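**Student:** First the structure, which I've put down as structure tokens, then a few questions once you've had a look.
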Amino acid sequence: MDRLVNTVRPYSWGSVTAIPELLGQAPTGEPQAEMWMGAHPGAPSRIDRGQGPTPLNEVIAADPEGELGAECVAAFGRELPFLFKVLAAGTPLSLQVHPDLRQAREGYADEERRGIPRNAPDRNYKDDNHKPELICALGPFEGLCGFRPADESAELIAALDVDELKPYADLLHAHPEDAALREMLTAVLGADRAELADGLARAVAAAERLGAGDGPHAATYAACAAAAHHFPGDPGFLAALLLNHVRLNPGEAMYLGAGVPHAYLSGLGVELMATSDNVLRCGFTPKHVDVPELLRVVRFEPGDPAVLRPEPDEPDVEEVYSTPVSEFRLSRYALAPGSTPARPSGGRPQILLCTAGSLLLSESRGGGELTLERGQSVYLNASDQVEISGEGTVFRATVSL
């Protein structure tokens with residue numbers, strides 16, 4: 001087992017305090033948005049096996065089967081198929097969607113053929129992989145996820161009582177529902193910002209008033225208005241009103257599949273995803289928005305976002321967050337004093353992150369021990385077998401085979 005040294009990414013939307021508090025460090029005064037745990041070449045974790053700190057991706061590349069296991073290599077290739085993060089949103093992230101695997105491969109190949117540099121601001125596909133992801137709240141967490149019923153969105157917009165927006169509400173009454181949502185989003189993203197500016201400003205002000213009331217959609221109005229203040233004049237405000245507003249309590253999670261529009265608004269959580277950087281944005285952003293490609297990727301399917309809660313995995317003390325993907329699997333162990341030690345199954349790569357308490361990791365072979373405090377993480381390769389004891393909470397990221 002190897003203790004990880006991880007990189008914290010200072011994106012502008014990050015919280016100044018949440019990740020430093022988790023790590024037991026003093027804030028730097030700068031936003032700290034994401035702590036990456038894994039082997040992504042953009043910010044690989046580092047381990048030290050006696051030759052000095054070495055990026056985890058280099059360690060895996062030197063012996064893929066030894067590190068990942070033959071079964072994992074056969075299923076996903078010679079790289080760690082997941083990226084584990086701590087995410088701390090101090091201000092809203094952009095409204096975005098991720099492609100499915102076919103779309104990612106087609107889009108990546110097309111942009112490679114056209115010679116678009118991978119670091120170009122108008123590049124959509126940085127790699128050829130999909131990016132399903134799971135966010136699990138460590139504290140109160142707020143976000144937007146998936147389309148709400150079109151008629152309900154029409155009511156939300158109509159209640160703002162802004163004449164310029166009435167045509168958008170009318171679009172949402174068309175049938176079938178998926179066509180109505182597509183037409184509405186197309187109209188919003190294609191609107192002239194200068195012409196929309198005055199009506200949009202009055203709509204945000206109206207949402208703020210409604211958000212301060214006690215109506216059934218007060219929380220949605222408040223969340224969308226608060227996000228809009230960070231992006232003045234951005235039509236993403238109207239796109240946000242199409243989406244379900246979700247509040248997660250600590251320990252609750254939300255799964256985001258391909259084509260599902262979403263945004264994280266605030267809070268601290270652990271995030272687990274397939275290793276990819278493919279993001280198509282549709283609002284609340286100064287970055288490139290490729291409308292035709294976005295419309296090709298979005299799934300215009302309304303539905304209630306399911307809030308996931310961990311399910312016991314007998315006979316162990318492990319609690320699992322069930323998702324329909326195999327590239328990653330998230331679970332947690334919440335160990336009370338005197339409780340049965342946890343014994344994560346081996347034969348695959350895994351990363352353990354302590355989010356509360358103090359835990360002792362003991363190797364089943366070799367007799368080594370390692371203490372894991374709050375905010376610390378460890379990498380286990382396919383041959384590592386450990387027992388976890390003590391008092392605290394540890395999240396486990398691995399693959400599902």
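Convention: chains lettered A, B, ... in structure tokens order; per-chain residue numbering from 1; ligands numbered from 1 as shown.
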Skipping near chain neighbours, those fewer than 2 positions away, what residues fall within 9 Å of Met184 in chain A using only C-alpha atoms, listed as JSON, numbers by chain?
**Tutor:** {"A": [168, 169, 171, 172, 179, 180, 181, 182, 186, 187, 188, 189, 239]}
**Student:** Which residues come within 6 Å of Lys85 in chain A, counting only C-alpha atoms, excluding same-chain residues fewer than 3 positions away, as a VMD selection string?
**Tutor:** chain A and resid 35 to 37 270 to 271
**Student:** Tell me which protein, DNA and RNA residues are within 9 Å of Pro10 in chain A, counting only C-alpha atoms, leaving out same-chain ones fewer than 6 positions away, and put them as a ChimeraX atom specification.
**Tutor:** /A:30-34
**Student:** So which residues touch Glu252 in chain A within 6 Å, counting only C-alpha atoms, skipping near sequence neighbours fewer than 6 positions away, as number ranges by chain?
**Tutor:** A: 136-137, 308-309
**Student:** Hey, can you check how far CA of Asn6 in chain A sits from CA of Leu56 in chain A?
**Tutor:**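 Interatomic distance here is 10.2 Å.
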**Student:** Show which residues sit within 6 Å of His130 in chain A, as an MDAnalysis selection string. Count only C-alpha atoms, and ignore same-chain residues fewer than 3 positions away.
**Tutor:** chainID A and resid 99:101 104
**Student:** Create the file for the chosen residues now, containing N, CA, C and O atoms and written as an mmCIF file, in the first residue's frame.
**Tutor:**
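Listing of selection_30.cif after writing:
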```cif
data_model
loop_
_atom_site.group_PDB
_atom_site.id
_atom_site.type_symbol
_atom_site.label_atom_id
_atom_site.label_comp_id
_atom_site.auth_asym_id
_atom_site.auth_seq_id
_atom_site.Cartn_x
_atom_site.Cartn_y
_atom_site.Cartn_z
ATOM 1 N N PRO A 99 -20.333 13.293 -23.087
ATOM 2 C CA PRO A 99 -20.743 12.389 -24.164
ATOM 3 C C PRO A 99 -20.736 10.929 -23.720
ATOM 4 O O PRO A 99 -20.094 10.573 -22.723
ATOM 5 N N ASP A 100 -21.442 10.084 -24.476
ATOM 6 C CA ASP A 100 -21.294 8.644 -24.262
ATOM 7 C C ASP A 100 -20.040 8.174 -24.976
ATOM 8 O O ASP A 100 -19.340 8.968 -25.642
ATOM 9 N N LEU A 101 -19.725 6.896 -24.873
ATOM 10 C CA LEU A 101 -18.453 6.399 -25.392
ATOM 11 C C LEU A 101 -18.384 6.530 -26.917
ATOM 12 O O LEU A 101 -17.345 6.934 -27.468
ATOM 13 N N ALA A 104 -17.886 10.215 -27.821
ATOM 14 C CA ALA A 104 -16.545 10.670 -27.485
ATOM 15 C C ALA A 104 -15.532 10.184 -28.518
ATOM 16 O O ALA A 104 -14.651 10.948 -28.954
#
```
**Student:** Excluding Lys287 in chain A and its own-chain neighbours fewer than 3 positions away, which residues fall within 10 Å of it when counting only C-alpha atoms? Please give them as a PDB file with all heavy atoms, in the first residue's frame.
**Tutor:**
```
ATOM      1  N   SER A  94     -20.083  25.432 -14.352  1.00  0.00           N
ATOM      2  CA  SER A  94     -20.870  25.632 -15.563  1.00  0.00           C
ATOM      3  C   SER A  94     -21.917  24.534 -15.733  1.00  0.00           C
ATOM      4  O   SER A  94     -21.734  23.398 -15.273  1.00  0.00           O
ATOM      5  CB  SER A  94     -19.953  25.650 -16.784  1.00  0.00           C
ATOM      6  OG  SER A  94     -19.274  24.418 -16.921  1.00  0.00           O
ATOM      7  N   PRO A 121      -9.088  26.489 -27.060  1.00  0.00           N
ATOM      8  CA  PRO A 121     -10.282  26.808 -26.273  1.00  0.00           C
ATOM      9  C   PRO A 121     -11.577  26.334 -26.923  1.00  0.00           C
ATOM     10  O   PRO A 121     -12.580  26.184 -26.228  1.00  0.00           O
ATOM     11  CB  PRO A 121     -10.235  28.335 -26.172  1.00  0.00           C
ATOM     12  CG  PRO A 121      -9.352  28.781 -27.282  1.00  0.00           C
ATOM     13  CD  PRO A 121      -8.353  27.693 -27.481  1.00  0.00           C
ATOM     14  N   ASP A 122     -11.569  26.098 -28.241  1.00  0.00           N
ATOM     15  CA  ASP A 122     -12.782  25.636 -28.920  1.00  0.00           C
ATOM     16  C   ASP A 122     -12.781  24.131 -29.158  1.00  0.00           C
ATOM     17  O   ASP A 122     -13.602  23.610 -29.913  1.00  0.00           O
ATOM     18  CB  ASP A 122     -12.984  26.372 -30.239  1.00  0.00           C
ATOM     19  CG  ASP A 122     -11.829  26.167 -31.215  1.00  0.00           C
ATOM     20  OD1 ASP A 122     -10.745  25.724 -30.768  1.00  0.00           O
ATOM     21  OD2 ASP A 122     -12.006  26.464 -32.415  1.00  0.00           O
ATOM     22  N   LEU A 280     -18.964  19.315 -22.499  1.00  0.00           N
ATOM     23  CA  LEU A 280     -19.624  20.268 -23.386  1.00  0.00           C
ATOM     24  C   LEU A 280     -20.485  21.179 -22.527  1.00  0.00           C
ATOM     25  O   LEU A 280     -21.351  20.713 -21.791  1.00  0.00           O
ATOM     26  CB  LEU A 280     -20.473  19.546 -24.435  1.00  0.00           C
ATOM     27  CG  LEU A 280     -19.620  18.811 -25.483  1.00  0.00           C
ATOM     28  CD1 LEU A 280     -19.756  17.315 -25.298  1.00  0.00           C
ATOM     29  CD2 LEU A 280     -20.019  19.221 -26.883  1.00  0.00           C
ATOM     30  N   ARG A 281     -20.233  22.480 -22.620  1.00  0.00           N
ATOM     31  CA  ARG A 281     -20.890  23.450 -21.741  1.00  0.00           C
ATOM     32  C   ARG A 281     -22.109  24.060 -22.415  1.00  0.00           C
ATOM     33  O   ARG A 281     -22.148  24.213 -23.630  1.00  0.00           O
ATOM     34  CB  ARG A 281     -19.897  24.530 -21.332  1.00  0.00           C
ATOM     35  CG  ARG A 281     -18.750  23.975 -20.489  1.00  0.00           C
ATOM     36  CD  ARG A 281     -17.687  25.010 -20.199  1.00  0.00           C
ATOM     37  NE  ARG A 281     -16.653  24.430 -19.327  1.00  0.00           N
ATOM     38  CZ  ARG A 281     -15.634  23.724 -19.758  1.00  0.00           C
ATOM     39  NH1 ARG A 281     -15.477  23.503 -21.052  1.00  0.00           N
ATOM     40  NH2 ARG A 281     -14.755  23.220 -18.913  1.00  0.00           N
ATOM     41  N   CYS A 282     -23.096  24.426 -21.576  1.00  0.00           N
ATOM     42  CA  CYS A 282     -24.320  25.009 -22.127  1.00  0.00           C
ATOM     43  C   CYS A 282     -24.817  26.201 -21.330  1.00  0.00           C
ATOM     44  O   CYS A 282     -25.950  26.636 -21.512  1.00  0.00           O
ATOM     45  CB  CYS A 282     -25.419  23.960 -22.255  1.00  0.00           C
ATOM     46  SG  CYS A 282     -25.826  23.059 -20.751  1.00  0.00           S
ATOM     47  N   GLY A 283     -23.995  26.769 -20.459  1.00  0.00           N
ATOM     48  CA  GLY A 283     -24.416  27.944 -19.718  1.00  0.00           C
ATOM     49  C   GLY A 283     -23.595  28.163 -18.476  1.00  0.00           C
ATOM     50  O   GLY A 283     -22.827  27.296 -18.051  1.00  0.00           O
ATOM     51  N   PHE A 284     -23.731  29.360 -17.888  1.00  0.00           N
ATOM     52  CA  PHE A 284     -22.981  29.768 -16.710  1.00  0.00           C
ATOM     53  C   PHE A 284     -21.477  29.592 -16.939  1.00  0.00           C
ATOM     54  O   PHE A 284     -20.776  28.983 -16.133  1.00  0.00           O
ATOM     55  CB  PHE A 284     -23.423  28.977 -15.479  1.00  0.00           C
ATOM     56  CG  PHE A 284     -24.822  29.304 -15.008  1.00  0.00           C
ATOM     57  CD1 PHE A 284     -25.551  28.388 -14.267  1.00  0.00           C
ATOM     58  CD2 PHE A 284     -25.414  30.520 -15.297  1.00  0.00           C
ATOM     59  CE1 PHE A 284     -26.834  28.686 -13.820  1.00  0.00           C
ATOM     60  CE2 PHE A 284     -26.696  30.830 -14.861  1.00  0.00           C
ATOM     61  CZ  PHE A 284     -27.415  29.912 -14.125  1.00  0.00           C
ATOM     62  N   ASP A 290     -20.310  25.031 -27.913  1.00  0.00           N
ATOM     63  CA  ASP A 290     -20.537  24.512 -29.265  1.00  0.00           C
ATOM     64  C   ASP A 290     -21.978  24.018 -29.329  1.00  0.00           C
ATOM     65  O   ASP A 290     -22.281  22.872 -28.966  1.00  0.00           O
ATOM     66  CB  ASP A 290     -19.550  23.382 -29.548  1.00  0.00           C
ATOM     67  CG  ASP A 290     -19.624  22.859 -30.982  1.00  0.00           C
ATOM     68  OD1 ASP A 290     -20.699  22.977 -31.606  1.00  0.00           O
ATOM     69  OD2 ASP A 290     -18.621  22.322 -31.467  1.00  0.00           O
TER      70      ASP A 290
END
```
**Student:** Determine the nearest neighbour of Ser358 in chain A from the options A:Gln376, A:Gly236, A:Ser331, A:Gly390, counting only C-alpha atoms.
**Tutor:**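 Result for the nearest residue to Ser358 in chain A: A:Gly390.
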**Student:** Please provide as a list in words all residues within 12 Å of Glu195 in chain A, with the sequence filter that same-chain residues fewer than 4 positions apart are discarded (counting only C-alpha atoms).
**Tutor:**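 Close residues of Glu195 in chain A: Glu164, Leu165, Val188, Gly190, Ala191, Gly199, Leu200, Ala201, Gly233 and Pro235 of chain A.
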**Student:** Return the single residue from A:Arg3, A:Gly251, A:Pro140, A:Pro349 that is closest to Leu361 in chain A, with distances computed using only C-alpha atoms.
**Tutor:**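 With only C-alpha atoms as the atom set, the closest residue is A:Arg3.
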**Student:** Among range 198-269 of chain A, which ones does DSSP place in alpha helix (DSSP H), written as a VMD selection string?
**Tutor:** chain A and resid 198 to 211 218 to 230 236 to 240
**Student:** Quick one: distance from CA of Ser383 in chain A to CA of Leu23 in chain A in Å, one decimal?
**Tutor:** 28.3 Å
**Student:** Please report, as number ranges by chain, each residue of range 178-345 of chain A to which DSSP assigns strand (DSSP E) when run on this structure's backbone.
**Tutor:** A: 243-248, 253-256, 262-274, 280-283, 307-308, 311-313, 318-321, 329-335
**Student:** Those residues you just picked out, can you put them in a file as a tab-separated table (two decimals), in the first residue's frame with N, CA and C atoms?
**Tutor:**
```tsv
chain	number	residue	atom	x	y	z
A	243	LEU	N	-34.01	22.44	-15.36
A	243	LEU	CA	-33.39	21.30	-14.68
A	243	LEU	C	-33.95	21.12	-13.26
A	244	ASN	N	-33.81	19.90	-12.76
A	244	ASN	CA	-34.19	19.58	-11.39
A	244	ASN	C	-33.17	20.17	-10.41
A	245	HIS	N	-33.69	20.81	-9.38
A	245	HIS	CA	-32.85	21.32	-8.31
A	245	HIS	C	-32.71	20.22	-7.25
A	246	VAL	N	-31.47	19.90	-6.88
A	246	VAL	CA	-31.21	18.78	-5.98
A	246	VAL	C	-30.40	19.26	-4.78
A	247	ARG	N	-30.84	18.86	-3.59
A	247	ARG	CA	-30.06	19.09	-2.37
A	247	ARG	C	-29.69	17.74	-1.78
A	248	LEU	N	-28.40	17.55	-1.56
A	248	LEU	CA	-27.92	16.30	-0.97
A	248	LEU	C	-27.51	16.54	0.48
A	253	ALA	N	-25.79	10.71	-2.56
A	253	ALA	CA	-25.02	10.83	-3.80
A	253	ALA	C	-25.95	11.02	-4.99
A	254	MET	N	-25.35	11.42	-6.10
A	254	MET	CA	-26.08	11.65	-7.34
A	254	MET	C	-25.22	11.13	-8.49
A	255	TYR	N	-25.82	10.30	-9.34
A	255	TYR	CA	-25.11	9.74	-10.50
A	255	TYR	C	-25.47	10.53	-11.75
A	256	LEU	N	-24.48	10.82	-12.56
A	256	LEU	CA	-24.66	11.62	-13.78
A	256	LEU	C	-24.17	10.82	-14.97
A	262	HIS	N	-26.20	19.10	-16.19
A	262	HIS	CA	-26.07	19.23	-14.75
A	262	HIS	C	-25.13	20.38	-14.40
A	263	ALA	N	-25.16	20.77	-13.15
A	263	ALA	CA	-24.21	21.74	-12.61
A	263	ALA	C	-24.14	21.55	-11.11
A	264	TYR	N	-22.94	21.65	-10.56
A	264	TYR	CA	-22.77	21.68	-9.12
A	264	TYR	C	-22.79	23.15	-8.69
A	265	LEU	N	-23.59	23.47	-7.69
A	265	LEU	CA	-23.77	24.86	-7.28
A	265	LEU	C	-22.95	25.21	-6.04
A	266	SER	N	-22.94	24.32	-5.05
A	266	SER	CA	-22.17	24.60	-3.83
A	266	SER	C	-22.02	23.33	-3.02
A	267	GLY	N	-20.95	23.28	-2.23
A	267	GLY	CA	-20.78	22.17	-1.31
A	267	GLY	C	-19.49	21.40	-1.51
A	268	LEU	N	-19.25	20.47	-0.57
A	268	LEU	CA	-18.06	19.62	-0.56
A	268	LEU	C	-18.50	18.18	-0.75
A	269	GLY	N	-17.81	17.46	-1.64
A	269	GLY	CA	-18.15	16.07	-1.87
A	269	GLY	C	-16.97	15.29	-2.42
A	270	VAL	N	-17.12	13.98	-2.45
A	270	VAL	CA	-16.17	13.13	-3.15
A	270	VAL	C	-16.79	12.78	-4.50
A	271	GLU	N	-15.98	12.83	-5.53
A	271	GLU	CA	-16.45	12.60	-6.89
A	271	GLU	C	-15.62	11.48	-7.51
A	272	LEU	N	-16.31	10.57	-8.18
A	272	LEU	CA	-15.64	9.44	-8.83
A	272	LEU	C	-16.15	9.36	-10.26
A	273	MET	N	-15.23	9.19	-11.20
A	273	MET	CA	-15.61	9.24	-12.62
A	273	MET	C	-14.68	8.37	-13.45
A	274	ALA	N	-15.15	8.06	-14.66
A	274	ALA	CA	-14.25	7.46	-15.63
A	274	ALA	C	-13.22	8.52	-16.02
A	280	LEU	N	-18.96	19.32	-22.50
A	280	LEU	CA	-19.62	20.27	-23.39
A	280	LEU	C	-20.48	21.18	-22.53
A	281	ARG	N	-20.23	22.48	-22.62
A	281	ARG	CA	-20.89	23.45	-21.74
A	281	ARG	C	-22.11	24.06	-22.42
A	282	CYS	N	-23.10	24.43	-21.58
A	282	CYS	CA	-24.32	25.01	-22.13
A	282	CYS	C	-24.82	26.20	-21.33
A	283	GLY	N	-23.99	26.77	-20.46
A	283	GLY	CA	-24.42	27.94	-19.72
A	283	GLY	C	-23.59	28.16	-18.48
A	307	VAL	N	-31.74	10.20	-5.85
A	307	VAL	CA	-30.73	10.41	-4.82
A	307	VAL	C	-30.30	9.05	-4.31
A	308	LEU	N	-29.00	8.77	-4.42
A	308	LEU	CA	-28.47	7.46	-4.03
A	308	LEU	C	-28.05	7.48	-2.57
A	311	GLU	N	-25.88	1.24	0.18
A	311	GLU	CA	-26.57	0.00	0.52
A	311	GLU	C	-25.57	-0.98	1.11
A	312	PRO	N	-25.92	-1.63	2.23
A	312	PRO	CA	-25.00	-2.58	2.86
A	312	PRO	C	-24.65	-3.72	1.91
A	313	ASP	N	-23.39	-4.10	1.93
A	313	ASP	CA	-22.91	-5.22	1.12
A	313	ASP	C	-22.48	-6.33	2.08
A	318	GLU	N	-19.10	-2.94	4.47
A	318	GLU	CA	-19.03	-2.00	3.35
A	318	GLU	C	-20.43	-1.56	2.92
A	319	GLU	N	-20.57	-0.27	2.58
A	319	GLU	CA	-21.80	0.28	2.04
A	319	GLU	C	-21.51	0.79	0.63
A	320	VAL	N	-22.32	0.37	-0.35
A	320	VAL	CA	-22.02	0.59	-1.77
A	320	VAL	C	-23.01	1.56	-2.38
A	321	TYR	N	-22.51	2.45	-3.23
A	321	TYR	CA	-23.32	3.34	-4.05
A	321	TYR	C	-23.46	2.70	-5.43
A	329	ARG	N	-16.44	2.11	-8.98
A	329	ARG	CA	-17.35	1.65	-7.94
A	329	ARG	C	-17.00	2.39	-6.67
A	330	LEU	N	-17.98	3.08	-6.08
A	330	LEU	CA	-17.74	3.83	-4.85
A	330	LEU	C	-18.45	3.16	-3.69
A	331	SER	N	-17.73	3.06	-2.59
A	331	SER	CA	-18.33	2.53	-1.37
A	331	SER	C	-17.69	3.24	-0.18
A	332	ARG	N	-18.24	2.98	1.01
A	332	ARG	CA	-17.65	3.58	2.19
A	332	ARG	C	-17.73	2.58	3.35
A	333	TYR	N	-16.82	2.77	4.29
A	333	TYR	CA	-16.83	2.05	5.56
A	333	TYR	C	-16.94	3.09	6.67
A	334	ALA	N	-17.96	2.98	7.50
A	334	ALA	CA	-18.11	3.86	8.66
A	334	ALA	C	-17.88	3.00	9.89
A	335	LEU	N	-16.70	3.09	10.46
A	335	LEU	CA	-16.30	2.21	11.56
A	335	LEU	C	-16.47	2.91	12.91
```
**Student:** Which of these, A:Ala109, A:Val298, A:Leu93, A:Leu156, has the shortest distance to Asp178 in chain A once you count only C-alpha atoms?
**Tutor:** A:Val298
